[in-house]
Amino acid sequence: MSLEQDIQQTRSFRNERHKAIVNLIYTHNWVVEKLKNVLKEDGITHQQFNILRILRGSNGPISTLQIRERMLDKMSDTSRIVDRLILKGLANKTVSQHDKRLVDVVITEKGLQTLARIDDKQERLDQLMQHITYDEAAEINHLFDKIRGSY
């Protein structure tokens with residue numbers, strides 16, 4: 001289906017760049033919705049998933065400030081999301097040894113197990129891109145990088 005059909009657009013877009021922006025936003029929301037459905041099975045949100053991946057990749061304690069800098073969704077309330085991960089037993093936090101004003105966060109064994117279960121579902125997530133080739137995926141990545149490079 002075309003973008004126009006999906007969003008029931010009856011008027012033309014101003015130009016192809018306008019259409020590309022709308023298409024990017026629409027597709028982003030479509031992918032996030034699919035991701036949410038996969039993550040719902042493990043009882044976490046896509047923001048929690050993002051933080052768990054950051055924690056796993058950090059190989060040690062990391063501050064909430066560092067987490068916020070690495071998050072895909074910069075508008076997320078990092079502290080609140082970390083607190084929810086702690087309530088679920090997926091992360092722990094302690095006062096930083098280096099700066100008592102900061103909190104260090106680490107992933108727990110339960111958090112690692114949750115990510116391992118999600119990793120096993122990776123093929124389902126990859127299927128979101130099944131209609132494009134690897135070369136096309138590489139081109140999309142290049143174009144997204146190019147768009148962000150303009151600012």
# chains A, B, ... in the order shown; residues from 1 in each chain; ligands from 1
$ residues_around --residues "segment 46-63 of chain A" --least-positions-apart "6" --cutoff "6 Å" --atoms "only C-alpha atoms" --output "VMD selection string"
chain A and resid 103 to 107
$ write_last_selection --atoms "C-alpha atoms" --output "PDB file, in the first residue's frame"
ATOM      1  CA  VAL A 103      23.527   7.457  40.400  1.00  0.00           C
ATOM      2  CA  ASP A 104      25.152   4.454  38.717  1.00  0.00           C
ATOM      3  CA  VAL A 105      22.867   1.941  37.030  1.00  0.00           C
ATOM      4  CA  VAL A 106      23.673  -1.664  36.100  1.00  0.00           C
ATOM      5  CA  ILE A 107      21.700  -4.400  34.430  1.00  0.00           C
TER       6      ILE A 107
END
$ residues_around --residues "segment 22-39 of chain A" --least-positions-apart "3" --cutoff "9 Å" --atoms "only C-alpha atoms" --output "VMD selection string"
chain A and resid 3 7 17 to 19 42 to 46 49 118 121 124 to 125 128
$ closest_residue --among "A:Leu90, A:Leu85, A:Leu143, A:Ala138" --to "Leu112 of chain A" --atoms "only C-alpha atoms"
A:Leu90
$ closest_residue --among "A:Ser2, A:Gln130, A:Thr108, A:Ser76" --to "Ala91 of chain A" --atoms "only C-alpha atoms"
A:Thr108
$ atom_distance --atom1 "atom CA of Val95 of chain A" --atom2 "atom CA of Thr64 of chain A"
11.1 Å
$ atom_distance --atom1 "atom CA of Thr78 of chain A" --atom2 "atom CA of Gln66 of chain A"
10.0 Å
$ atom_distance --atom1 "atom CA of Ile86 of chain A" --atom2 "atom CA of Asp126 of chain A"
28.9 Å
$ select_by_dssp --residues "segment 46-145 of chain A" --states "strand (DSSP E or B)" --output "PyMOL selection string"
chain A and resi 62-63+91-95+103-107
$ write_last_selection --atoms "C-alpha atoms" --output "PDB file, in the first residue's frame"
ATOM      1  CA  ILE A  62      26.664   3.943  33.943  1.00  0.00           C
ATOM      2  CA  SER A  63      24.997   7.148  35.146  1.00  0.00           C
ATOM      3  CA  ALA A  91      18.351  -3.098  36.838  1.00  0.00           C
ATOM      4  CA  ASN A  92      19.952  -1.841  40.038  1.00  0.00           C
ATOM      5  CA  LYS A  93      21.237   1.574  40.990  1.00  0.00           C
ATOM      6  CA  THR A  94      23.722   2.819  43.553  1.00  0.00           C
ATOM      7  CA  VAL A  95      25.280   6.162  44.423  1.00  0.00           C
ATOM      8  CA  VAL A 103      23.527   7.457  40.400  1.00  0.00           C
ATOM      9  CA  ASP A 104      25.152   4.454  38.717  1.00  0.00           C
ATOM     10  CA  VAL A 105      22.867   1.941  37.030  1.00  0.00           C
ATOM     11  CA  VAL A 106      23.673  -1.664  36.100  1.00  0.00           C
ATOM     12  CA  ILE A 107      21.700  -4.400  34.430  1.00  0.00           C
TER      13      ILE A 107
END
